[in-house]
Each structure stands twice: as structure tokens, then as C-alpha cells.
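Heads up, protein-v4.csv below (CSV, C-alpha atoms and all ligand atoms):
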chain,number,residue,atom,x,y,z
C,1,MET,CA,-32.2,-27.7,-26.4
C,2,LYS,CA,-30.3,-31.0,-26.5
C,3,ILE,CA,-28.0,-32.0,-23.6
C,4,THR,CA,-24.4,-31.9,-24.8
C,5,SER,CA,-21.3,-33.3,-23.0
C,6,ARG,CA,-20.2,-29.7,-22.4
C,7,ALA,CA,-23.5,-29.1,-20.5
C,8,VAL,CA,-22.8,-32.2,-18.4
C,9,ALA,CA,-19.3,-31.1,-17.6
C,10,GLU,CA,-20.4,-27.6,-16.7
C,11,SER,CA,-23.1,-29.0,-14.4
C,12,ALA,CA,-20.6,-31.3,-12.7
C,13,LEU,CA,-18.2,-28.3,-12.2
C,14,LEU,CA,-21.0,-26.3,-10.6
C,15,VAL,CA,-21.9,-29.1,-8.2
C,16,LEU,CA,-18.2,-29.5,-7.3
C,17,ALA,CA,-17.8,-25.8,-6.7
C,18,LEU,CA,-20.9,-25.7,-4.5
C,19,LEU,CA,-19.7,-28.7,-2.5
C,20,ALA,CA,-16.3,-27.1,-2.0
C,21,ALA,CA,-18.0,-23.9,-0.7
C,22,TRP,CA,-20.5,-25.6,1.6
C,23,ALA,CA,-18.9,-28.9,2.6
C,24,PRO,CA,-15.1,-28.3,2.8
C,25,PRO,CA,-12.8,-30.9,4.4
C,26,ALA,CA,-11.9,-30.4,8.1
C,27,PRO,CA,-9.1,-27.9,9.0
C,28,ALA,CA,-6.7,-30.6,10.1
C,29,ALA,CA,-7.0,-32.3,6.8
C,30,ILE,CA,-6.4,-29.0,4.9
C,31,GLU,CA,-3.5,-28.2,7.1
C,32,GLY,CA,-1.9,-31.6,6.3
C,33,TRP,CA,-2.3,-32.1,2.6
C,34,PHE,CA,-2.8,-28.6,1.4
C,35,ALA,CA,-1.3,-25.8,3.6
C,36,THR,CA,1.8,-27.7,4.6
C,37,GLY,CA,1.6,-30.2,1.7
C,38,ILE,CA,1.1,-29.2,-1.9
C,39,TYR,CA,0.6,-25.4,-1.4
C,40,PRO,CA,4.2,-24.6,-0.4
C,41,ALA,CA,5.3,-26.4,-3.6
C,42,ILE,CA,2.9,-24.4,-5.7
C,43,GLN,CA,3.9,-21.1,-4.2
C,44,ARG,CA,7.6,-21.8,-4.5
C,45,SER,CA,7.2,-22.4,-8.2
C,46,LEU,CA,4.6,-19.8,-9.1
C,47,THR,CA,5.9,-16.7,-7.2
C,48,PRO,CA,9.4,-16.8,-8.6
C,49,LEU,CA,7.8,-17.0,-12.1
C,50,SER,CA,5.5,-14.1,-11.5
C,51,ASN,CA,8.4,-12.2,-9.9
C,52,ARG,CA,10.1,-12.2,-13.3
C,53,LEU,CA,7.2,-10.4,-14.9
C,54,PRO,CA,7.6,-6.6,-14.5
C,55,PHE,CA,3.9,-6.1,-14.8
C,56,ALA,CA,1.0,-7.5,-12.7
C,57,LEU,CA,-0.3,-10.8,-14.1
C,58,ILE,CA,-3.7,-9.9,-12.6
C,59,ASP,CA,-4.1,-7.0,-15.1
C,60,LEU,CA,-3.6,-9.4,-18.0
C,61,LEU,CA,-5.9,-12.1,-16.6
C,62,GLY,CA,-8.5,-9.5,-15.7
C,63,ALA,CA,-8.5,-7.9,-19.2
C,64,VAL,CA,-8.6,-11.3,-21.0
C,65,ALA,CA,-11.5,-12.5,-18.7
C,66,VAL,CA,-13.6,-9.4,-19.2
C,67,GLY,CA,-12.9,-9.4,-23.0
C,68,LEU,CA,-13.9,-13.0,-23.5
C,69,ALA,CA,-17.0,-12.7,-21.3
C,70,GLY,CA,-18.0,-9.5,-23.1
C,71,MET,CA,-17.5,-11.1,-26.6
C,72,MET,CA,-19.5,-14.2,-25.7
C,73,LEU,CA,-22.4,-12.2,-24.2
C,74,ALA,CA,-22.5,-9.9,-27.2
C,75,ARG,CA,-22.5,-12.8,-29.7
C,76,ALA,CA,-25.3,-14.5,-27.7
C,77,ALA,CA,-27.4,-11.4,-27.6
C,78,VAL,CA,-27.1,-11.0,-31.4
C,79,GLY,CA,-28.0,-14.6,-31.8
C,80,SER,CA,-31.1,-14.3,-29.6
C,81,ILE,CA,-32.2,-11.2,-31.4
C,82,ARG,CA,-31.7,-12.7,-34.8
C,83,THR,CA,-33.4,-16.1,-34.1
C,84,ARG,CA,-36.0,-14.5,-31.7
C,85,LYS,CA,-35.3,-17.3,-29.3
C,86,PRO,CA,-33.9,-17.1,-25.8
C,87,TRP,CA,-31.6,-20.2,-26.1
C,88,PRO,CA,-28.4,-18.5,-27.3
C,89,ALA,CA,-28.5,-16.1,-24.4
C,90,LEU,CA,-29.4,-18.8,-21.9
C,91,GLN,CA,-26.6,-20.9,-23.2
C,92,ALA,CA,-24.1,-18.1,-22.8
C,93,VAL,CA,-25.2,-17.6,-19.2
C,94,ALA,CA,-24.7,-21.3,-18.5
C,95,HIS,CA,-21.2,-21.2,-20.0
C,96,LEU,CA,-20.4,-18.2,-17.8
C,97,ALA,CA,-21.6,-20.0,-14.7
C,98,GLY,CA,-19.4,-22.9,-15.7
C,99,ALA,CA,-16.4,-20.5,-16.1
C,100,ALA,CA,-17.2,-19.0,-12.7
C,101,ALA,CA,-17.2,-22.5,-11.1
C,102,VAL,CA,-13.8,-23.3,-12.7
C,103,THR,CA,-12.4,-19.9,-11.5
C,104,TYR,CA,-13.6,-20.6,-8.0
C,105,LEU,CA,-12.1,-24.1,-7.9
C,106,VAL,CA,-8.7,-22.8,-9.3
C,107,PHE,CA,-8.8,-20.0,-6.6
C,108,LEU,CA,-9.3,-22.7,-3.9
C,109,LEU,CA,-6.5,-24.9,-5.2
C,110,LEU,CA,-3.9,-22.2,-5.8
C,111,TRP,CA,-4.5,-20.4,-2.5
C,112,GLY,CA,-8.0,-20.0,-1.2
C,113,LEU,CA,-8.0,-23.3,0.8
C,114,ASN,CA,-5.6,-21.6,3.2
C,115,TYR,CA,-8.7,-19.8,4.7
C,116,ARG,CA,-9.7,-23.2,6.1
C,117,ARG,CA,-6.4,-24.3,7.6
C,118,VAL,CA,-5.8,-24.7,11.4
C,119,PRO,CA,-5.8,-21.2,13.0
C,120,MET,CA,-2.7,-19.8,14.5
C,121,THR,CA,-4.4,-19.7,17.9
C,122,GLU,CA,-4.4,-23.5,17.8
C,123,ARG,CA,-0.8,-23.8,16.7
C,124,LEU,CA,0.9,-21.6,19.3
C,125,VAL,CA,1.2,-21.7,23.1
C,126,LEU,CA,-1.2,-18.9,24.3
C,127,SER,CA,-2.2,-17.5,27.6
C,128,ALA,CA,-5.9,-18.2,28.5
C,129,GLY,CA,-8.6,-15.6,28.1
C,130,SER,CA,-8.6,-12.4,26.0
C,131,PRO,CA,-6.2,-9.6,27.0
C,132,SER,CA,-7.5,-6.7,29.1
C,133,SER,CA,-8.0,-3.3,27.6
C,134,ASP,CA,-5.2,-2.0,29.7
C,135,ALA,CA,-2.9,-4.6,28.2
C,136,VAL,CA,-3.8,-3.3,24.7
C,137,VAL,CA,-3.0,0.3,25.8
C,138,GLN,CA,0.3,-0.9,27.3
C,139,LEU,CA,1.1,-2.5,23.9
C,140,GLY,CA,0.4,0.9,22.2
C,141,LEU,CA,2.7,2.6,24.7
C,142,GLN,CA,5.4,0.0,24.0
C,143,ALA,CA,5.0,0.6,20.3
C,144,ALA,CA,5.3,4.4,20.8
C,145,ALA,CA,8.5,3.9,22.9
C,146,GLN,CA,10.0,1.6,20.3
C,147,LEU,CA,9.2,4.2,17.6
C,148,ASN,CA,10.8,7.0,19.6
C,149,ALA,CA,13.9,4.8,20.2
C,150,LEU,CA,14.2,3.7,16.5
C,151,HIS,CA,13.3,6.9,14.7
C,152,ALA,CA,16.8,8.4,14.4
C,153,ALA,CA,18.6,5.2,13.3
C,154,ALA,CA,15.8,4.2,10.9
C,155,HIS,CA,15.7,7.6,9.2
C,156,ARG,CA,19.5,7.8,9.1
C,157,SER,CA,19.8,4.5,7.1
C,158,GLY,CA,16.6,5.1,5.1
C,159,TRP,CA,14.2,2.6,3.6
C,160,ARG,CA,15.9,0.2,1.2
C,161,GLU,CA,14.2,-0.3,-2.1
C,162,PRO,CA,12.8,-2.6,-3.3
C,163,PRO,CA,11.9,-4.4,-0.1
C,164,TRP,CA,11.8,-7.8,-1.8
C,165,GLU,CA,15.6,-7.5,-2.4
C,166,ASP,CA,16.3,-6.5,1.2
C,167,GLY,CA,18.4,-9.4,2.5
C,168,ALA,CA,17.7,-8.8,6.2
C,169,LEU,CA,13.9,-8.7,5.6
C,170,ARG,CA,14.0,-11.8,3.5
C,171,ARG,CA,16.1,-13.6,6.1
C,172,ALA,CA,13.8,-12.6,8.9
C,173,PHE,CA,10.8,-13.8,6.9
C,174,GLY,CA,12.4,-17.2,6.5
C,175,GLU,CA,13.2,-17.5,10.2
C,176,VAL,CA,9.7,-16.5,11.3
C,177,GLN,CA,8.2,-19.1,9.0
C,178,GLN,CA,10.4,-21.8,10.6
C,179,PHE,CA,9.2,-20.8,14.1
C,180,LEU,CA,5.6,-21.4,13.0
C,181,SER,CA,5.6,-24.4,10.7
C,182,ASP,CA,7.8,-27.3,9.4
C,183,ALA,CA,6.7,-26.6,5.8
C,184,ALA,CA,9.2,-25.3,3.3
C,185,PRO,CA,9.4,-21.5,3.6
C,186,ALA,CA,7.6,-19.3,1.0
C,187,ALA,CA,9.4,-17.3,-1.6
C,188,PRO,CA,9.1,-13.5,-1.1
C,189,GLY,CA,7.2,-11.6,-3.8
C,190,ARG,CA,8.1,-8.5,-5.7
C,191,LEU,CA,5.9,-5.5,-4.8
C,192,LYS,CA,4.0,-4.7,-8.0
C,193,ARG,CA,1.9,-1.8,-9.3
C,194,SER,CA,-1.3,-2.8,-11.0
C,195,ALA,CA,-4.4,-1.2,-12.5
C,196,LEU,CA,-6.0,-2.1,-9.1
C,197,GLY,CA,-3.6,0.5,-7.6
C,198,TYR,CA,-6.3,3.2,-8.2
C,199,TYR,CA,-8.8,1.1,-6.3
C,200,PHE,CA,-6.3,0.7,-3.4
C,201,ARG,CA,-5.8,4.5,-3.4
C,202,TRP,CA,-9.5,5.3,-3.4
C,203,THR,CA,-10.4,2.8,-0.7
C,204,GLY,CA,-7.3,3.1,1.5
C,205,VAL,CA,-6.1,-0.5,0.9
C,206,ASP,CA,-2.4,-1.1,1.4
C,207,GLY,CA,-2.1,-4.1,-0.8
C,208,MET,CA,-3.3,-7.6,-1.6
C,209,ILE,CA,-2.0,-10.8,-3.3
C,210,ASN,CA,-3.3,-12.1,-6.6
C,211,PRO,CA,-4.3,-15.7,-5.8
C,212,PHE,CA,-4.1,-16.6,-9.5
C,213,GLY,CA,-0.4,-15.6,-9.8
C,214,LEU,CA,0.7,-15.6,-6.2
C,215,GLU,CA,2.1,-12.1,-6.7
C,216,VAL,CA,2.0,-9.0,-4.4
C,217,LEU,CA,0.1,-5.9,-5.5
C,218,VAL,CA,0.5,-2.7,-3.5
C,219,ASN,CA,-0.9,0.8,-3.2
C,220,PRO,CA,1.4,3.0,-5.3
C,221,ASP,CA,1.2,5.8,-2.7
C,222,LEU,CA,2.7,3.9,0.2
C,223,LEU,CA,5.4,5.9,1.9
C,224,PRO,CA,8.8,4.2,1.9
C,225,LEU,CA,8.6,3.7,5.7
C,226,GLU,CA,5.3,1.7,5.3
C,227,ARG,CA,6.6,-0.6,2.6
C,228,PRO,CA,8.6,-3.2,4.7
C,229,PHE,CA,5.6,-4.0,6.8
C,230,VAL,CA,3.2,-4.2,3.9
C,231,ALA,CA,5.7,-6.4,2.1
C,232,ALA,CA,6.1,-8.8,5.0
C,233,HIS,CA,2.3,-8.8,5.6
C,234,GLU,CA,1.7,-9.7,1.9
C,235,TRP,CA,4.5,-12.3,2.0
C,236,ALA,CA,2.7,-13.9,4.9
C,237,HIS,CA,-0.3,-14.3,2.7
C,238,LEU,CA,1.9,-15.9,0.1
C,239,ALA,CA,3.2,-18.2,2.9
C,240,GLY,CA,-0.4,-19.4,3.3
C,241,TYR,CA,-1.5,-17.3,6.3
C,242,ALA,CA,-4.7,-16.1,4.7
C,243,ASP,CA,-6.2,-14.6,7.8
C,244,GLU,CA,-5.5,-10.9,8.2
C,245,SER,CA,-4.5,-11.0,11.8
C,246,GLU,CA,-2.2,-14.0,11.1
C,247,ALA,CA,-0.6,-12.2,8.2
C,248,SER,CA,0.0,-9.1,10.3
C,249,PHE,CA,1.4,-11.3,13.1
C,250,VAL,CA,3.9,-12.9,10.7
C,251,GLY,CA,4.6,-9.5,9.1
C,252,TRP,CA,5.3,-7.8,12.4
C,253,LEU,CA,7.5,-10.7,13.7
C,254,THR,CA,9.4,-10.4,10.4
C,255,CYS,CA,9.9,-6.7,10.7
C,256,VAL,CA,11.1,-6.7,14.3
C,257,ARG,CA,13.9,-9.2,13.4
C,258,ALA,CA,15.1,-7.2,10.4
C,259,SER,CA,17.0,-3.9,10.1
C,260,SER,CA,16.1,-0.8,12.1
C,261,PRO,CA,14.1,0.8,9.3
C,262,SER,CA,12.1,-2.4,8.9
C,263,GLN,CA,11.6,-2.6,12.7
C,264,TYR,CA,10.4,1.0,12.7
C,265,SER,CA,7.9,0.0,9.9
C,266,GLY,CA,6.6,-2.9,11.9
C,267,TRP,CA,6.1,-1.0,15.1
C,268,LEU,CA,4.5,1.8,13.2
C,269,ALA,CA,1.9,-0.6,11.7
C,270,LEU,CA,1.3,-2.1,15.2
C,271,TYR,CA,0.9,1.4,16.7
C,272,TRP,CA,-1.6,2.2,13.9
C,273,GLN,CA,-3.6,-1.0,14.6
C,274,VAL,CA,-3.7,-0.4,18.4
C,275,SER,CA,-4.8,3.2,17.8
C,276,GLY,CA,-7.8,1.9,15.8
C,277,GLU,CA,-8.9,-0.5,18.5
C,278,ILE,CA,-8.9,1.7,21.7
C,279,GLY,CA,-11.2,4.4,22.9
C,280,VAL,CA,-10.7,8.2,22.4
C,281,GLU,CA,-9.0,8.8,25.8
C,282,ASP,CA,-6.6,5.9,25.5
C,283,ARG,CA,-5.8,6.9,22.0
C,284,ALA,CA,-4.9,10.4,23.1
C,285,ARG,CA,-2.7,8.9,25.8
C,286,VAL,CA,-0.9,6.6,23.4
C,287,ALA,CA,-0.5,9.4,20.8
C,288,GLY,CA,0.9,11.6,23.6
C,289,ALA,CA,3.7,9.2,24.2
C,290,LEU,CA,5.0,9.7,20.7
C,291,ALA,CA,8.0,12.0,20.2
C,292,GLY,CA,7.9,14.7,17.4
C,293,GLY,CA,9.6,12.5,14.8
C,294,PRO,CA,7.3,9.5,14.9
C,295,ARG,CA,4.4,11.9,15.3
C,296,ALA,CA,5.2,13.5,12.0
C,297,ASP,CA,5.5,10.1,10.3
C,298,VAL,CA,2.1,9.0,11.6
C,299,ASP,CA,0.6,12.3,10.4
C,300,ALA,CA,2.2,11.8,7.0
C,301,ILE,CA,0.5,8.4,6.6
C,302,ALA,CA,-2.8,9.9,7.7
C,303,ALA,CA,-2.4,12.7,5.1
C,304,ARG,CA,-1.4,10.1,2.4
C,305,ILE,CA,-4.6,8.1,3.0
C,306,ARG,CA,-6.8,11.3,3.2
C,307,ARG,CA,-5.4,12.6,-0.1
C,308,GLY,CA,-6.2,9.4,-2.1
C,309,GLU,CA,-9.4,8.1,-0.7
C,310,TRP,CA,-13.0,8.5,-1.8
C,311,PRO,CA,-15.0,7.9,1.4
C,312,TRP,CA,-18.1,6.4,-0.2
C,313,LEU,CA,-16.0,4.0,-2.3
C,314,ARG,CA,-13.8,3.2,0.8
C,315,ASP,CA,-16.9,2.2,2.8
C,316,ALA,CA,-18.4,0.2,-0.1
C,317,GLY,CA,-15.0,-1.5,-0.7
C,318,TRP,CA,-14.5,-2.5,2.9
C,319,ARG,CA,-18.1,-3.8,3.1
C,320,ILE,CA,-17.4,-6.0,0.0
C,321,TYR,CA,-14.2,-7.3,1.6
C,322,ASP,CA,-16.1,-8.0,4.8
C,323,ASP,CA,-18.6,-10.1,2.8
C,324,TYR,CA,-15.8,-11.8,1.0
C,325,LEU,CA,-14.0,-12.8,4.2
C,326,LYS,CA,-17.3,-14.0,5.8
C,327,ALA,CA,-18.0,-16.1,2.6
C,328,ASN,CA,-14.5,-17.6,3.1
C,329,ARG,CA,-15.5,-18.5,6.7
C,330,VAL,CA,-13.6,-15.7,8.5
C,331,GLN,CA,-16.4,-15.0,10.9
C,332,GLU,CA,-15.0,-11.7,12.2
C,333,GLY,CA,-14.8,-10.3,8.6
C,334,VAL,CA,-12.6,-7.2,8.4
C,335,ARG,CA,-12.6,-7.0,12.2
C,336,SER,CA,-10.0,-9.9,11.9
C,337,TYR,CA,-7.3,-7.3,11.3
C,338,GLY,CA,-7.5,-6.2,14.9
C,339,ALA,CA,-7.1,-9.7,16.2
C,340,VAL,CA,-3.3,-9.4,15.6
C,341,ILE,CA,-3.2,-7.5,18.9
C,342,THR,CA,-4.8,-10.3,20.8
C,343,LEU,CA,-2.4,-12.7,19.1
C,344,ILE,CA,0.7,-10.7,20.1
C,345,LEU,CA,-0.6,-10.3,23.7
C,346,ARG,CA,-1.6,-13.9,24.2
C,347,ALA,CA,1.3,-15.7,22.4
C,348,ARG,CA,4.1,-16.9,24.6
C,349,PHE,CA,7.5,-15.7,23.3
C,350,GLU,CA,11.0,-16.7,24.0
C,351,GLU,CA,13.8,-14.2,24.0
C,352,GLY,CA,13.8,-12.0,20.8
C,353,TRP,CA,10.1,-12.4,20.0
C,354,VAL,CA,10.3,-16.1,19.1
C,355,PRO,CA,6.8,-17.5,19.4
C,356,VAL,CA,6.5,-20.9,21.1
C,357,ARG,CA,4.7,-23.6,19.1
C,358,ARG,CA,2.3,-26.0,20.6
C,359,ARG,CA,3.5,-29.6,20.5
C,360,ALA,CA,1.4,-32.7,20.8
C,361,GLY,CA,0.5,-33.2,24.5
C,362,ARG,CA,1.4,-29.7,25.5
Q,401,ZN,ZN,-3.8,-8.7,4.1

Rendering of file as C-alpha cells:
Amino acid sequence: MKITSRAVAESALLVLALLAAWAPPAPAAIEGWFATGIYPAIQRSLTPLSNRLPFALIDLLGAVAVGLAGMMLARAAVGSIRTRKPWPALQAVAHLAGAAAVTYLVFLLLWGLNYRRVPMTERLVLSAGSPSSDAVVQLGLQAAAQLNALHAAAHRSGWREPPWEDGALRRAFGEVQQFLSDAAPAAPGRLKRSALGYYFRWTGVDGMINPFGLEVLVNPDLLPLERPFVAAHEWAHLAGYADESEASFVGWLTCVRASSPSQYSGWLALYWQVSGEIGVEDRARVAGALAGGPRADVDAIAARIRRGEWPWLRDAGWRIYDDYLKANRVQEGVRSYGAVITLILRARFEEGWVPVRRRAGR
């Protein structure tokens, strides 16, 4: 086998991808040139474009990638069988490795580097130490009280569709971003259905973003009252908050500043999160604080998840996502979702849930 320029280029890409994975730049550098530098410009051009497509770009990209890889492997297999030599097959594997390296580098440059930015805990003024378990229960009780208070008004006005055209939610999202960063605010994304919707249904996933099109993909079964929070959470990912707890923090702050149906959606998500983090007795106490209306909404969400999910696939899916997060240096893996509670309890807020940012020397 002779060494071609293509082989040299593919080897170089592989080395570059490995370097990016194992020896990334420091968080402060990523925060400066990427997360608050070129990334907002990329997002503000790409998301408005993918918003115009009525279908999910990920479906098209996925189909093309699987088709091309399948064709190349089939041709290589035929070549190897006909010549009775391993080279065609080995060459195809090398090309696929090169393609995987390019895909990974594009992933990092379009969005993935956000995993390595300066964490929210270092950008906000926080109280010292982790919150007590009693504080977590108190937050759950506060969520229950808010749900009780908001239920009638939220149900009376109903949930505006589609959330990405809800002016109050969009405005709130812009304000929250300005509290947290000086970078240009991100463009909200349309909530799209995709072939991945089945996977979301079976594994109990609410949604995700497609890093190659900076578009929002959601579970098709979400109840209308869940959608404002899921939208705001995914928009936070679009704004470069890759970490799950940070996305939920931004999503919750956005919802509580928007209309009463969106506030209800935000407090419901927080109630759900707290319930998952506390013991059986405390959970019963927090659940006992819910009035009949919010109780019925919580039950409806639980029934929605139960109807759709395949438990074995759900467990396998969350294990894979845990590995993915850890590979992207999120040490807590899927446990990072729960860290939103710590963030809410430790952050210092001004009147109206305005988080206080840390300034130099503070
Ligand atoms: Zn998320």
C-alpha cells in the first residue's frame, strides 16, 4: 500500500482530534475566544437558518452519513472479496476513522467546546458550602406553593404555541442571558420533531439540541405545560450553557420571568427535579403540599412518561448519555442535572431572581 496525500491528511486529522480530546485549552481561554467570542456569532447565524427548515436537519445529516458509510463499506467488502486482499477493506476503515475525526472536530467548533468553558459556579456570587438537605426540601415546598398559587391563572390563559414565538418567553430568555454574560444573546430555536423523537419517547428524554445545526429537537409527547421549560432549557444549550444544571438554571430563570403559564412550567420542572433528589419521607412531605390541580398535572406527566418508555432502553440510553458527558469532562455525568438545585440555593439573587455576577476582585 503506498502512502497517499489523503492518508497523510487523514492521519493529521486523527492526531488533531486526539489532541483536542486529551489536551484541550484552559477554560478561561475557551470562555474568551470561543464561548463569548466566535460561538455567539456562529449560533446567531446558524439557528435562524435551521429555524427556517420545517424539518430537523439532524434527520437529513444522519441519513446521508449512514448512507455514505454503508455504501463505502459495501464497495470495500466487494473489492476485498474480489481481489482476495484485505487492503480495500482496511482503506475503507481508515477513511471512516478520518471522517469520524472530522465530525468530532466540527462538533467541537460548532458547539462542543462549550463543555470546557468556565463553569457557572465560578461566574456567580455564591454562598459557601453545599446546601443542607433541609434547604432542598424547603425549595421543594416553595415550588409546591408557587404551583398552587399559579395553577388557576396558568390554566386559564393556557400554553401558547409554539413556545419559540412566545414574546414574553423570548424576552425573558434575552434578559437572563444579559444577567449572566456580556456576550451577544443567543437566538431562540424552534421546537422540532425528528426521527429521534421515538428514541426520546422510549427513553424518557425531553429534548436535545443538534450540535451540527444548532436546532432544538423535542419529545413529541411533551404536554403543553412542559414545553416552555423544555424550550428555555434547550435554548440555554443554544446559548452555550452545555452543562445540564446550567441549562436548567437558565431555563428556570427564564420561565419565572415570563408569563404565568411559563412560570408554572418552570416551577413544575423544579418541583420534579427536587422530588428526584430527596428521600422517600421528604418526597411525600413535598408532594403532600401540592393542591389537587398541580397534583393532577404532575400525575399526567408521570403517566405520559410511563406510556412511552421502554425501561431497558431508557436505562441503556441514560448510561450512554452518562458516558458521553463524562467523555466531555462533565465529571458528574447525568447526576449533573440535579446540580441545578445547588445552583439555585447557593446563588445570590437580587429582587426578582436576578443572579449576581462575580466581578474581578469580588
Ligand atoms: Zn439538556

Taking 4 positions as the minimum chain separation for residues in the same chain, which residues sit within 12 Å of C:Asp182 when counting all atoms listed in the file? Answer as a tab-separated table (two decimals) with C-alpha atoms, in the coordinates of the input.
chain	number	residue	atom	x	y	z
C	31	GLU	CA	-3.50	-28.20	7.10
C	32	GLY	CA	-1.90	-31.60	6.30
C	35	ALA	CA	-1.30	-25.80	3.60
C	36	THR	CA	1.80	-27.70	4.60
C	37	GLY	CA	1.60	-30.20	1.70
C	40	PRO	CA	4.20	-24.60	-0.40
C	123	ARG	CA	-0.80	-23.80	16.70
C	174	GLY	CA	12.40	-17.20	6.50
C	175	GLU	CA	13.20	-17.50	10.20
C	176	VAL	CA	9.70	-16.50	11.30
C	177	GLN	CA	8.20	-19.10	9.00
C	178	GLN	CA	10.40	-21.80	10.60
C	186	ALA	CA	7.60	-19.30	1.00
C	357	ARG	CA	4.70	-23.60	19.10

Problem set entry | Close residues to ligand ZN 401 (chain Q) using all atoms listed in the file, limit 9 Å, as an MDAnalysis selection string | chainID C and resid 206:209 230 233:234 236:237 242:248 337

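Compared by their closest atoms to C:Ala327, and using all atoms listed in the file, the residues C:Trp310, C:Tyr115, C:Phe179, C:Phe200 rank with C:Tyr115 nearest.
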
Exercise. Looking at C:Pro261, C:Arg358, C:Arg285, C:Leu16, which one is nearest to C:Ala153, with distances taken over all atoms listed in the file?
Worked result: C:Pro261

Exercise. Closest to C:Gly352 among C:Ala74, C:Ile301, C:Ala258, C:Val286, using only C-alpha atoms?
Worked result: C:Ala258

Exercise. What gap, in Å, lies between atom CA of C:Asp221 and atom CA of C:Trp111?
Worked result: 26.8 Å

For this session: Find the residues around C:Ala17 up to 7 Å (all atoms listed in the file counted), leave out those fewer than 3 positions away in its own chain, and share them as a PyMOL selection string.
Result: chain C and resi 13-14+20-21+101+104-105

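Atom pair atom CA of C:Val218 / atom CA of C:Ser194: separated by 7.7 Å.
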
Residues proximal to (8.1, 3.7, 11.7) were defined as those with any atom within 10 Å of that point in the file's coordinates, counting all atoms listed in the file. Which are they, as an mmCIF file with C-alpha atoms, in the frame of the given file?
data_model
loop_
_atom_site.group_PDB
_atom_site.id
_atom_site.type_symbol
_atom_site.label_atom_id
_atom_site.label_comp_id
_atom_site.auth_asym_id
_atom_site.auth_seq_id
_atom_site.Cartn_x
_atom_site.Cartn_y
_atom_site.Cartn_z
ATOM 1 C CA ALA C 143 5.000 0.600 20.300
ATOM 2 C CA ALA C 144 5.300 4.400 20.800
ATOM 3 C CA GLN C 146 10.000 1.600 20.300
ATOM 4 C CA LEU C 147 9.200 4.200 17.600
ATOM 5 C CA ASN C 148 10.800 7.000 19.600
ATOM 6 C CA LEU C 150 14.200 3.700 16.500
ATOM 7 C CA HIS C 151 13.300 6.900 14.700
ATOM 8 C CA ALA C 154 15.800 4.200 10.900
ATOM 9 C CA HIS C 155 15.700 7.600 9.200
ATOM 10 C CA PRO C 224 8.800 4.200 1.900
ATOM 11 C CA LEU C 225 8.600 3.700 5.700
ATOM 12 C CA GLU C 226 5.300 1.700 5.300
ATOM 13 C CA PRO C 228 8.600 -3.200 4.700
ATOM 14 C CA PHE C 229 5.600 -4.000 6.800
ATOM 15 C CA SER C 260 16.100 -0.800 12.100
ATOM 16 C CA PRO C 261 14.100 0.800 9.300
ATOM 17 C CA SER C 262 12.100 -2.400 8.900
ATOM 18 C CA GLN C 263 11.600 -2.600 12.700
ATOM 19 C CA TYR C 264 10.400 1.000 12.700
ATOM 20 C CA SER C 265 7.900 0.000 9.900
ATOM 21 C CA GLY C 266 6.600 -2.900 11.900
ATOM 22 C CA TRP C 267 6.100 -1.000 15.100
ATOM 23 C CA LEU C 268 4.500 1.800 13.200
ATOM 24 C CA ALA C 269 1.900 -0.600 11.700
ATOM 25 C CA LEU C 270 1.300 -2.100 15.200
ATOM 26 C CA TYR C 271 0.900 1.400 16.700
ATOM 27 C CA GLY C 293 9.600 12.500 14.800
ATOM 28 C CA PRO C 294 7.300 9.500 14.900
ATOM 29 C CA ARG C 295 4.400 11.900 15.300
ATOM 30 C CA ASP C 297 5.500 10.100 10.300
ATOM 31 C CA VAL C 298 2.100 9.000 11.600
#

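Take atom CA of C:Ala300 and atom CA of C:Asp315: the distance between them is 21.8 Å.
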
Exercise. Of the candidates C:Asn210, C:Val340, C:Pro220, C:Leu19, which shows the shortest atom-to-atom distance to C:Phe107, using all atoms listed in the file?
Worked result: C:Asn210

Please define a box with edges along x, y and z of the file around all atoms of stretch 83-98 of chain C given in the file, extend it by 8 Å on each side, and return its centre and edge lengths in Å to one decimal, as lines of an AutoDock Vina configuration file.
center_x = -27.7
center_y = -18.7
center_z = -24.4
size_x = 32.6
size_y = 24.4
size_z = 35.4

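Proximity of C:Leu313, C:Gln91, C:Asp299, C:Leu49 to C:Thr4, computed with all atoms listed in the file, is greatest for C:Gln91.
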
For this session: Determine, counting only C-alpha atoms, which protein, DNA and RNA residues have an atom within 12 Å of an atom of C:Val125; residues of the same chain fewer than 6 positions away are not included. Present the result as number ranges by chain.
Result: C: 180, 343-350, 354-362

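Residue nearest C:Ser50 within the list C:Glu309, C:Pro24, C:Leu222, C:Phe212: C:Phe212 [criterion: smallest interatomic distance, only C-alpha atoms].
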